[in-house]
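Data file: query.cif. Format and content: mmCIF, C-alpha atoms and all ligand atoms.
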```
data_entry
loop_
_atom_site.group_PDB
_atom_site.id
_atom_site.type_symbol
_atom_site.label_atom_id
_atom_site.label_comp_id
_atom_site.auth_asym_id
_atom_site.auth_seq_id
_atom_site.Cartn_x
_atom_site.Cartn_y
_atom_site.Cartn_z
ATOM 1 C CA MET A 1 -28.626 23.998 24.583
ATOM 2 C CA THR A 2 -28.905 27.567 23.337
ATOM 3 C CA LEU A 3 -31.359 30.302 24.180
ATOM 4 C CA ALA A 4 -33.964 31.624 21.734
ATOM 5 C CA SER A 5 -34.147 35.450 21.646
ATOM 6 C CA PRO A 6 -36.853 36.720 23.988
ATOM 7 C CA THR A 7 -39.798 38.614 22.563
ATOM 8 C CA PRO A 8 -39.308 42.342 23.353
ATOM 9 C CA GLN A 9 -41.250 43.205 26.510
ATOM 10 C CA SER A 10 -41.426 45.970 29.091
ATOM 11 C CA PRO A 11 -38.266 46.165 31.284
ATOM 12 C CA SER A 12 -40.387 45.608 34.418
ATOM 13 C CA THR A 13 -41.253 42.089 33.257
ATOM 14 C CA ARG A 14 -39.527 39.653 35.587
ATOM 15 C CA LEU A 15 -39.640 36.579 33.378
ATOM 16 C CA GLN A 16 -38.918 36.956 29.689
ATOM 17 C CA PHE A 17 -39.892 34.346 27.124
ATOM 18 C CA ASN A 18 -39.649 33.861 23.426
ATOM 19 C CA GLU A 19 -43.410 33.564 22.904
ATOM 20 C CA VAL A 20 -43.182 31.410 19.771
ATOM 21 C CA GLN A 21 -40.874 28.976 21.575
ATOM 22 C CA PHE A 22 -43.132 28.928 24.663
ATOM 23 C CA LYS A 23 -46.226 28.153 22.594
ATOM 24 C CA THR A 24 -44.407 25.337 20.765
ATOM 25 C CA ALA A 25 -42.603 23.757 23.703
ATOM 26 C CA PHE A 26 -44.733 24.241 26.831
ATOM 27 C CA PRO A 27 -45.558 22.023 28.717
ATOM 28 C CA ARG A 28 -43.824 19.009 27.117
ATOM 29 C CA GLN A 29 -40.318 20.273 26.256
ATOM 30 C CA PRO A 30 -37.573 21.968 28.284
ATOM 31 C CA PHE A 31 -36.383 25.397 27.137
ATOM 32 C CA LEU A 32 -34.239 28.267 28.353
ATOM 33 C CA MET A 33 -35.650 31.709 29.138
ATOM 34 C CA GLN A 34 -34.417 34.936 30.748
ATOM 35 C CA HIS A 35 -35.295 36.727 33.967
ATOM 36 C CA ALA A 36 -34.566 40.050 35.648
ATOM 37 C CA LEU A 37 -34.204 38.966 39.301
ATOM 38 C CA CYS A 38 -30.392 39.078 39.623
ATOM 39 C CA GLY A 39 -29.422 41.601 42.294
ATOM 40 C CA ASN A 40 -32.835 41.443 43.982
ATOM 41 C CA PRO A 41 -32.086 41.964 47.722
ATOM 42 C CA LEU A 42 -34.526 39.171 48.642
ATOM 43 C CA PHE A 43 -31.808 36.723 47.521
ATOM 44 C CA SER A 44 -28.900 38.217 49.496
ATOM 45 C CA LEU A 45 -27.283 35.943 52.100
ATOM 46 C CA GLU A 46 -28.663 38.030 54.992
ATOM 47 C CA SER A 47 -32.210 38.018 53.578
ATOM 48 C CA LEU A 48 -32.074 34.262 53.047
ATOM 49 C CA ILE A 49 -30.791 33.658 56.601
ATOM 50 C CA GLU A 50 -33.677 35.768 57.950
ATOM 51 C CA LEU A 51 -36.146 33.893 55.742
ATOM 52 C CA SER A 52 -34.813 30.521 56.992
ATOM 53 C CA LYS A 53 -35.565 31.664 60.566
ATOM 54 C CA ARG A 54 -39.154 32.645 59.673
ATOM 55 C CA LEU A 55 -39.936 29.350 57.922
ATOM 56 C CA PRO A 56 -40.914 26.262 59.964
ATOM 57 C CA PRO A 57 -37.888 23.900 60.435
ATOM 58 C CA SER A 58 -39.624 21.291 58.266
ATOM 59 C CA LYS A 59 -39.347 23.710 55.327
ATOM 60 C CA VAL A 60 -35.549 23.996 55.527
ATOM 61 C CA GLU A 61 -33.827 20.926 54.090
ATOM 62 C CA TYR A 62 -30.046 20.685 53.893
ATOM 63 C CA ASN A 63 -27.381 18.063 53.627
ATOM 64 C CA ALA A 64 -23.904 17.358 52.305
ATOM 65 C CA GLY A 65 -23.592 18.390 48.663
ATOM 66 C CA THR A 66 -20.813 16.003 47.622
ATOM 67 C CA ILE A 67 -23.009 12.998 46.874
ATOM 68 C CA ASP A 68 -23.616 10.474 44.069
ATOM 69 C CA ILE A 69 -25.931 11.120 41.130
ATOM 70 C CA ASP A 70 -27.836 8.027 42.255
ATOM 71 C CA MET A 71 -29.104 8.535 45.822
ATOM 72 C CA HIS A 72 -32.126 6.270 45.331
ATOM 73 C CA ASP A 73 -32.672 4.195 48.498
ATOM 74 C CA LYS A 74 -29.668 5.854 50.186
ATOM 75 C CA LEU A 75 -29.661 8.162 53.184
ATOM 76 C CA THR A 76 -28.434 11.642 52.277
ATOM 77 C CA PRO A 77 -25.450 12.463 54.546
ATOM 78 C CA GLN A 78 -25.787 15.362 56.991
ATOM 79 C CA THR A 79 -23.029 17.892 57.760
ATOM 80 C CA GLY A 80 -23.541 18.501 61.488
ATOM 81 C CA LEU A 81 -23.847 22.274 60.905
ATOM 82 C CA SER A 82 -26.874 24.422 61.801
ATOM 83 C CA VAL A 83 -28.962 26.156 59.118
ATOM 84 C CA GLU A 84 -27.322 29.544 59.759
ATOM 85 C CA GLU A 85 -23.802 28.063 59.932
ATOM 86 C CA THR A 86 -24.419 26.248 56.665
ATOM 87 C CA MET A 87 -25.493 29.464 54.948
ATOM 88 C CA ARG A 88 -22.652 31.561 56.373
ATOM 89 C CA ARG A 89 -20.079 28.923 55.406
ATOM 90 C CA ILE A 90 -21.723 27.946 52.120
ATOM 91 C CA GLU A 91 -18.615 28.779 50.130
ATOM 92 C CA THR A 92 -16.576 26.077 51.898
ATOM 93 C CA CYS A 93 -18.940 23.695 53.747
ATOM 94 C CA ARG A 94 -19.783 21.545 50.676
ATOM 95 C CA SER A 95 -23.519 21.643 51.339
ATOM 96 C CA TRP A 96 -26.814 21.744 49.473
ATOM 97 C CA MET A 97 -29.832 23.543 50.944
ATOM 98 C CA VAL A 98 -33.409 24.279 49.935
ATOM 99 C CA LEU A 99 -35.861 26.715 51.532
ATOM 100 C CA LYS A 100 -39.247 25.196 50.703
ATOM 101 C CA ASN A 101 -42.626 26.831 50.197
ATOM 102 C CA VAL A 102 -41.264 30.356 50.554
ATOM 103 C CA GLU A 103 -44.760 31.570 49.555
ATOM 104 C CA ALA A 104 -45.560 31.240 53.273
ATOM 105 C CA ASP A 105 -43.702 34.562 53.651
ATOM 106 C CA PRO A 106 -45.716 37.519 52.270
ATOM 107 C CA THR A 107 -42.730 39.260 50.614
ATOM 108 C CA TYR A 108 -41.591 36.165 48.757
ATOM 109 C CA ARG A 109 -45.217 35.293 47.990
ATOM 110 C CA ALA A 110 -45.624 38.639 46.208
ATOM 111 C CA LEU A 111 -42.512 38.024 44.100
ATOM 112 C CA LEU A 112 -43.572 34.466 43.282
ATOM 113 C CA ASP A 113 -47.052 35.612 42.239
ATOM 114 C CA ALA A 114 -45.539 38.333 40.034
ATOM 115 C CA CYS A 115 -43.252 35.785 38.329
ATOM 116 C CA LEU A 116 -46.100 33.360 37.768
ATOM 117 C CA GLY A 117 -48.211 36.201 36.426
ATOM 118 C CA ASP A 118 -45.608 36.495 33.653
ATOM 119 C CA VAL A 119 -46.002 32.765 32.961
ATOM 120 C CA ALA A 120 -49.798 32.673 33.189
ATOM 121 C CA HIS A 121 -50.601 34.840 30.194
ATOM 122 C CA LEU A 122 -48.711 32.334 28.028
ATOM 123 C CA SER A 123 -49.488 29.087 29.874
ATOM 124 C CA GLU A 124 -53.225 29.576 30.495
ATOM 125 C CA PRO A 125 -54.280 29.101 26.837
ATOM 126 C CA LEU A 126 -52.231 25.859 26.797
ATOM 127 C CA THR A 127 -52.786 24.390 30.289
ATOM 128 C CA PRO A 128 -55.537 26.375 32.039
ATOM 129 C CA GLY A 129 -56.259 26.684 35.752
ATOM 130 C CA MET A 130 -52.869 27.707 37.243
ATOM 131 C CA ARG A 131 -53.037 27.090 41.000
ATOM 132 C CA ARG A 132 -50.919 26.170 44.055
ATOM 133 C CA HIS A 133 -48.150 28.708 43.518
ATOM 134 C CA GLU A 134 -45.074 27.346 45.322
ATOM 135 C CA GLY A 135 -41.517 28.713 45.512
ATOM 136 C CA TYR A 136 -38.248 27.002 46.468
ATOM 137 C CA ILE A 137 -34.855 28.660 46.935
ATOM 138 C CA PHE A 138 -31.751 26.504 46.461
ATOM 139 C CA ILE A 139 -28.438 27.570 48.036
ATOM 140 C CA SER A 140 -25.478 25.323 47.338
ATOM 141 C CA SER A 141 -21.719 25.119 47.709
ATOM 142 C CA PRO A 142 -19.281 25.083 44.777
ATOM 143 C CA GLY A 143 -19.267 21.696 43.055
ATOM 144 C CA SER A 144 -22.270 20.303 44.958
ATOM 145 C CA ARG A 145 -24.779 18.036 43.293
ATOM 146 C CA THR A 146 -28.524 17.404 43.334
ATOM 147 C CA PRO A 147 -29.101 13.677 42.715
ATOM 148 C CA TYR A 148 -31.228 12.175 39.932
ATOM 149 C CA HIS A 149 -34.911 12.748 40.689
ATOM 150 C CA MET A 150 -38.293 13.866 39.325
ATOM 151 C CA ASP A 151 -40.787 16.546 40.385
ATOM 152 C CA GLY A 152 -44.536 16.662 39.863
ATOM 153 C CA GLU A 153 -45.065 20.406 39.240
ATOM 154 C CA HIS A 154 -44.692 22.852 36.373
ATOM 155 C CA ASN A 155 -41.326 24.418 37.201
ATOM 156 C CA PHE A 156 -39.138 27.307 36.032
ATOM 157 C CA LEU A 157 -35.704 27.311 37.696
ATOM 158 C CA LEU A 158 -34.217 30.829 37.721
ATOM 159 C CA GLN A 159 -30.439 31.106 38.219
ATOM 160 C CA LEU A 160 -29.452 34.107 40.360
ATOM 161 C CA THR A 161 -25.834 33.532 41.446
ATOM 162 C CA GLY A 162 -23.221 31.060 40.205
ATOM 163 C CA SER A 163 -23.774 28.432 37.564
ATOM 164 C CA LYS A 164 -25.375 25.016 37.178
ATOM 165 C CA LYS A 165 -25.336 22.265 34.594
ATOM 166 C CA VAL A 166 -28.707 20.553 34.370
ATOM 167 C CA SER A 167 -29.022 17.106 32.758
ATOM 168 C CA LEU A 168 -32.642 16.479 31.866
ATOM 169 C CA TRP A 169 -34.490 13.523 30.311
ATOM 170 C CA ASP A 170 -37.768 12.989 28.478
ATOM 171 C CA SER A 171 -40.580 12.223 30.938
ATOM 172 C CA MET A 172 -42.281 10.039 28.302
ATOM 173 C CA ASP A 173 -39.295 7.711 27.729
ATOM 174 C CA ARG A 174 -40.386 4.550 29.549
ATOM 175 C CA SER A 175 -36.936 2.947 29.038
ATOM 176 C CA LEU A 176 -35.712 5.551 31.586
ATOM 177 C CA LEU A 177 -38.737 6.188 33.765
ATOM 178 C CA SER A 178 -41.170 3.316 34.290
ATOM 179 C CA GLU A 179 -44.878 3.554 35.064
ATOM 180 C CA LYS A 180 -44.057 1.868 38.386
ATOM 181 C CA GLU A 181 -41.560 4.606 39.321
ATOM 182 C CA ILE A 182 -44.078 7.352 38.498
ATOM 183 C CA GLU A 183 -46.780 5.535 40.463
ATOM 184 C CA ALA A 184 -44.407 5.210 43.440
ATOM 185 C CA HIS A 185 -43.623 8.947 43.278
ATOM 186 C CA TYR A 186 -47.310 9.896 43.422
ATOM 187 C CA GLY A 187 -47.887 7.243 46.086
ATOM 188 C CA GLY A 188 -45.546 9.165 48.390
ATOM 189 C CA ALA A 189 -42.094 7.671 47.621
ATOM 190 C CA HIS A 190 -38.980 9.876 47.897
ATOM 191 C CA ARG A 191 -38.329 12.039 44.818
ATOM 192 C CA ASN A 192 -34.896 10.442 44.123
ATOM 193 C CA LEU A 193 -34.815 7.876 41.308
ATOM 194 C CA SER A 194 -32.473 5.071 40.369
ATOM 195 C CA TYR A 195 -29.813 6.208 37.836
ATOM 196 C CA GLN A 196 -27.764 4.215 35.320
ATOM 197 C CA ASP A 197 -24.694 5.564 33.475
ATOM 198 C CA ALA A 198 -26.238 4.424 30.158
ATOM 199 C CA TYR A 199 -28.907 7.156 30.557
ATOM 200 C CA ALA A 200 -26.290 9.882 29.959
ATOM 201 C CA ALA A 201 -26.383 9.428 26.166
ATOM 202 C CA LYS A 202 -30.062 10.459 26.102
ATOM 203 C CA ALA A 203 -29.743 13.575 28.311
ATOM 204 C CA GLN A 204 -30.350 17.142 27.211
ATOM 205 C CA VAL A 205 -27.800 19.308 29.019
ATOM 206 C CA PHE A 206 -28.444 22.976 29.860
ATOM 207 C CA ASP A 207 -25.912 25.460 31.245
ATOM 208 C CA LEU A 208 -27.575 27.926 33.619
ATOM 209 C CA THR A 209 -25.840 31.216 34.449
ATOM 210 C CA PRO A 210 -27.183 34.313 36.273
ATOM 211 C CA GLY A 211 -30.137 35.777 34.370
ATOM 212 C CA LEU A 212 -31.094 32.496 32.711
ATOM 213 C CA GLY A 213 -33.930 30.156 33.642
ATOM 214 C CA LEU A 214 -35.008 26.701 32.523
ATOM 215 C CA HIS A 215 -38.439 25.159 32.070
ATOM 216 C CA PHE A 216 -38.608 21.633 33.560
ATOM 217 C CA PRO A 217 -41.458 19.551 32.125
ATOM 218 C CA VAL A 218 -43.555 17.756 34.779
ATOM 219 C CA ASN A 219 -42.021 14.350 35.736
ATOM 220 C CA ALA A 220 -38.884 14.917 33.601
ATOM 221 C CA PRO A 221 -36.020 13.144 35.439
ATOM 222 C CA HIS A 222 -32.977 15.343 36.062
ATOM 223 C CA TRP A 223 -29.830 15.848 38.102
ATOM 224 C CA VAL A 224 -27.877 19.040 38.669
ATOM 225 C CA GLN A 225 -24.165 19.787 38.963
ATOM 226 C CA ASN A 226 -23.121 23.114 40.509
ATOM 227 C CA GLY A 227 -20.323 25.120 38.946
ATOM 228 C CA PRO A 228 -17.191 26.293 40.834
ATOM 229 C CA GLU A 229 -19.024 29.109 42.702
ATOM 230 C CA VAL A 230 -21.776 29.355 45.326
ATOM 231 C CA SER A 231 -25.126 28.932 43.576
ATOM 232 C CA VAL A 232 -28.458 30.539 44.440
ATOM 233 C CA SER A 233 -31.514 29.734 42.350
ATOM 234 C CA PHE A 234 -35.244 30.282 42.659
ATOM 235 C CA SER A 235 -37.717 27.657 41.544
ATOM 236 C CA VAL A 236 -41.169 29.025 40.674
ATOM 237 C CA THR A 237 -43.751 26.260 40.414
ATOM 238 C CA PHE A 238 -47.459 25.756 39.972
ATOM 239 C CA ARG A 239 -50.025 23.058 39.305
ATOM 240 C CA THR A 240 -53.075 22.767 37.107
ATOM 241 C CA PRO A 241 -56.203 20.588 37.258
ATOM 242 C CA ALA A 242 -54.719 18.469 34.426
ATOM 243 C CA ILE A 243 -51.551 17.520 36.327
ATOM 244 C CA ASP A 244 -53.457 17.035 39.596
ATOM 245 C CA LYS A 245 -55.736 14.594 37.744
ATOM 246 C CA ARG A 246 -52.721 12.689 36.371
ATOM 247 C CA ALA A 247 -51.196 12.582 39.867
ATOM 248 C CA MET A 248 -54.396 11.052 41.219
ATOM 249 C CA LEU A 249 -54.481 8.478 38.389
ATOM 250 C CA TYR A 250 -50.853 7.434 38.930
ATOM 251 C CA ALA A 251 -51.456 7.038 42.682
ATOM 252 C CA ALA A 252 -54.570 4.941 41.939
ATOM 253 C CA ASN A 253 -52.653 2.757 39.466
ATOM 254 C CA GLY A 254 -50.008 2.206 42.140
ATOM 255 C CA ARG A 255 -52.710 0.966 44.530
ATOM 256 C CA LEU A 256 -54.114 -1.346 41.846
ATOM 257 C CA ARG A 257 -50.621 -2.696 41.116
ATOM 258 C CA GLY A 258 -50.145 -3.288 44.837
ATOM 259 C CA TRP A 259 -53.283 -5.456 44.763
ATOM 260 C CA GLY A 260 -51.667 -7.659 42.094
ATOM 261 C CA LEU A 261 -53.324 -6.047 39.053
ATOM 262 C CA ASN A 262 -51.535 -4.723 35.967
ATOM 263 C CA PRO A 263 -53.209 -1.341 35.322
ATOM 264 C CA LYS A 264 -53.213 0.388 31.932
ATOM 265 C CA PRO A 265 -50.645 3.230 31.794
ATOM 266 C CA VAL A 266 -52.104 6.688 32.413
ATOM 267 C CA GLY A 267 -52.883 8.492 29.148
ATOM 268 C CA LEU A 268 -53.437 5.357 27.046
ATOM 269 C CA SER A 269 -57.239 5.416 27.264
ATOM 270 C CA PRO A 270 -59.015 8.723 28.022
ATOM 271 C CA LEU A 271 -62.225 6.796 28.789
ATOM 272 C CA ARG A 272 -60.523 4.496 31.291
ATOM 273 C CA ASP A 273 -58.710 7.486 32.851
ATOM 274 C CA ALA A 274 -62.008 9.376 33.221
ATOM 275 C CA LEU A 275 -63.726 6.369 34.822
ATOM 276 C CA LEU A 276 -60.851 5.768 37.259
ATOM 277 C CA HIS A 277 -60.628 9.483 38.108
ATOM 278 C CA ASN A 278 -64.371 9.657 38.838
ATOM 279 C CA THR A 279 -64.189 6.476 40.925
ATOM 280 C CA VAL A 280 -61.284 7.770 43.039
ATOM 281 C CA ARG A 281 -62.980 11.142 43.511
ATOM 282 C CA GLY A 282 -66.203 9.377 44.513
ATOM 283 C CA LEU A 283 -64.372 7.161 47.019
ATOM 284 C CA ARG A 284 -62.550 10.180 48.483
ATOM 285 C CA LYS A 285 -65.829 12.048 48.847
ATOM 286 C CA LEU A 286 -67.412 9.034 50.505
ATOM 287 C CA GLY A 287 -64.384 8.731 52.809
ATOM 288 C CA SER A 288 -64.675 12.371 53.848
ATOM 289 C CA LEU A 289 -68.424 11.966 54.481
ATOM 290 C CA THR A 290 -67.964 8.842 56.595
ATOM 291 C CA GLY A 291 -64.860 10.214 58.310
ATOM 292 C CA ARG A 292 -62.576 7.445 56.934
HETATM 293 FE FE FE A 301 -35.870 19.030 40.715
#
```
Target format structure tokens, applied to this file:
Amino acid sequence: MTLASPTPQSPSTRLQFNEVQFKTAFPRQPFLMQHALCGNPLFSLESLIELSKRLPPSKVEYNAGTIDIDMHDKLTPQTGLSVEETMRRIETCRSWMVLKNVEADPTYRALLDACLGDVAHLSEPLTPGMRRHEGYIFISSPGSRTPYHMDGEHNFLLQLTGSKKVSLWDSMDRSLLSEKEIEAHYGGAHRNLSYQDAYAAKAQVFDLTPGLGLHFPVNAPHWVQNGPEVSVSFSVTFRTPAIDKRAMLYAANGRLRGWGLNPKPVGLSPLRDALLHNTVRGLRKLGSLTGR
């Protein structure tokens, strides 16, 4: 996929979009954009090692990077290395690592907020109420792979070092991603999905190199193949009331399906969605009042 020319902006702008493309494609379609974060010292190896020490251990996830595209229902293999060893040996240790919720650190929070500020002036007229700013930093060895999965946030993945090939699918194609799988995701299942080779023909493939970023539509299944160098990328994400409402509806449909019912897919009937949303909110409120 090729990149549309960005609209001329001030050089201090961190994220650079082609505004016409953004207004046409966001939030349903993937598209490439540019950013000016390459060379930022916050993404040097030493800074990232220090950050990994400041984050709670639960926010540092890492495992072997030489894994299958389909890791659904499989345990991801570990490497036996520590966090710091993994980062220092990232060039050769065939690992994949993510530092999660880096907004917990004030310096990274400031950068994340600045990036999302660049998004907000374009996204707010389309999907208002930007909230829950969250940042994730991915550090991975040459040739490592992120298995086929989906995410529930608005996401821009910014490539800082090395290259990645992202294969991405339409979140609305129910021949690839069933209502049941989406319901399971919002019911707390692991993000990895079941992959079939036949899906490849329907993928959109994006090549990410330093200075480029990619918009991932909410729920769009994807897997990622690293290039032949160490890769560092920064994922800037946010939520809106609209996607939080859909998340609640999918989780509720999953409960209904678990009780033997066959609920209408989310989005088919706005009236039914509104009634279910109000019911779930009412039950949650009641639960919080009664302490259940
Ligand atoms: Fe992802």
Counting only C-alpha atoms and all ligand atoms, what are the residues, protein, DNA or RNA alike, that approach ligand FE 301 (chain A) to within 9 Å? I want them as a PDB file with C-alpha atoms, in the coordinates of the input.
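Saved the output as result-v1.pdb:
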```pdb
ATOM      1  CA  THR A 146     -28.524  17.404  43.334  1.00  0.00           C
ATOM      2  CA  PRO A 147     -29.101  13.677  42.715  1.00  0.00           C
ATOM      3  CA  TYR A 148     -31.228  12.175  39.932  1.00  0.00           C
ATOM      4  CA  HIS A 149     -34.911  12.748  40.689  1.00  0.00           C
ATOM      5  CA  MET A 150     -38.293  13.866  39.325  1.00  0.00           C
ATOM      6  CA  ASP A 151     -40.787  16.546  40.385  1.00  0.00           C
ATOM      7  CA  ASN A 155     -41.326  24.418  37.201  1.00  0.00           C
ATOM      8  CA  LEU A 157     -35.704  27.311  37.696  1.00  0.00           C
ATOM      9  CA  ARG A 191     -38.329  12.039  44.818  1.00  0.00           C
ATOM     10  CA  PHE A 216     -38.608  21.633  33.560  1.00  0.00           C
ATOM     11  CA  ALA A 220     -38.884  14.917  33.601  1.00  0.00           C
ATOM     12  CA  PRO A 221     -36.020  13.144  35.439  1.00  0.00           C
ATOM     13  CA  HIS A 222     -32.977  15.343  36.062  1.00  0.00           C
ATOM     14  CA  TRP A 223     -29.830  15.848  38.102  1.00  0.00           C
ATOM     15  CA  VAL A 224     -27.877  19.040  38.669  1.00  0.00           C
ATOM     16  CA  SER A 235     -37.717  27.657  41.544  1.00  0.00           C
TER      17      SER A 235
END
```
Quick check, in Å to one decimal: how far apart do CA of Asn192 (chain A) and CA of Tyr108 (chain A) lie?
27.0 Å
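Proximity of A:Ser171, A:Asn63, A:Ser144, A:Asn253 to Pro27 (chain A), computed with only C-alpha atoms, is greatest for A:Ser171.
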Could you list the residues chosen by the PyMOL selection byres (((chain A and resi 183) around 9) and not hetatm) in this structure as an MDAnalysis selection string?
chainID A and resid 178:182 184:189 247 249:255
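CA of Phe17 (chain A) is found 22.1 Å from CA of Phe43 (chain A).
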Long-range neighbours of region 122-134 of chain A as a ChimeraX atom specification, 7 Å cut-off, only C-alpha atoms, 5 positions minimum in chain:
/A:101,103,236-241
At what distance in Å, to one decimal, does CA of Leu116 (chain A) lie from CA of Ala25 (chain A)?
17.4 Å
Using the chain letters and numbers from the file, give me the residues hit by the PyMOL selection byres (((chain A and resi 45) around 12) and not hetatm), as a PyMOL selection string.
chain A and resi 39-44+46-52+84-91+137-140+161+230-232
The PyMOL selection byres (((chain A and resi 28-33) around 10) and not hetatm) resolved against shown file, as JSON, numbers by chain
{"A": [1, 2, 3, 4, 5, 6, 15, 16, 17, 18, 21, 22, 24, 25, 26, 27, 34, 35, 155, 156, 157, 158, 168, 169, 170, 171, 172, 204, 206, 207, 208, 211, 212, 213, 214, 215, 216, 217, 218, 219, 220]}
Using all atoms listed in the file, collect all residues at a distance of at most 6 Å from (-35.2, 23.3, 54.3) as written in the file, then present them as a PyMOL selection string.
chain A and resi 59-62+98-100
Just-selected residues, C-alpha atoms written as a PDB file, in the coordinates of the input:
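Final file, result_6.pdb:
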```pdb
ATOM      1  CA  LYS A  59     -39.347  23.710  55.327  1.00  0.00           C
ATOM      2  CA  VAL A  60     -35.549  23.996  55.527  1.00  0.00           C
ATOM      3  CA  GLU A  61     -33.827  20.926  54.090  1.00  0.00           C
ATOM      4  CA  TYR A  62     -30.046  20.685  53.893  1.00  0.00           C
ATOM      5  CA  VAL A  98     -33.409  24.279  49.935  1.00  0.00           C
ATOM      6  CA  LEU A  99     -35.861  26.715  51.532  1.00  0.00           C
ATOM      7  CA  LYS A 100     -39.247  25.196  50.703  1.00  0.00           C
TER       8      LYS A 100
END
```
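You can rank A:Leu276, A:Met71, A:Val102, A:Leu112 by their closest distance to Lys53 (chain A) using all atoms listed in the file, and at the top of that list sits A:Val102.
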Using all atoms listed in the file, the best pick from A:Glu229, A:Asp197, A:Asp118, A:Asp113 as closest to Ser163 (chain A) would be A:Glu229
Counting all atoms listed in the file, the residue among A:Gly227, A:Gly287, A:Gly267, A:Pro56 that lies closest to Lys245 (chain A) is A:Gly267
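Among A:Pro270, A:Gly282, A:Gly135, A:Gly152, the residue with the shortest atom-to-atom distance to Ser233 (chain A), counting all atoms listed in the file, is A:Gly135.
The closest residue to Leu193 (chain A), picked from A:Ala242, A:Asp68, A:Ala36, A:Arg14 and counting all atoms listed in the file, is A:Asp68.
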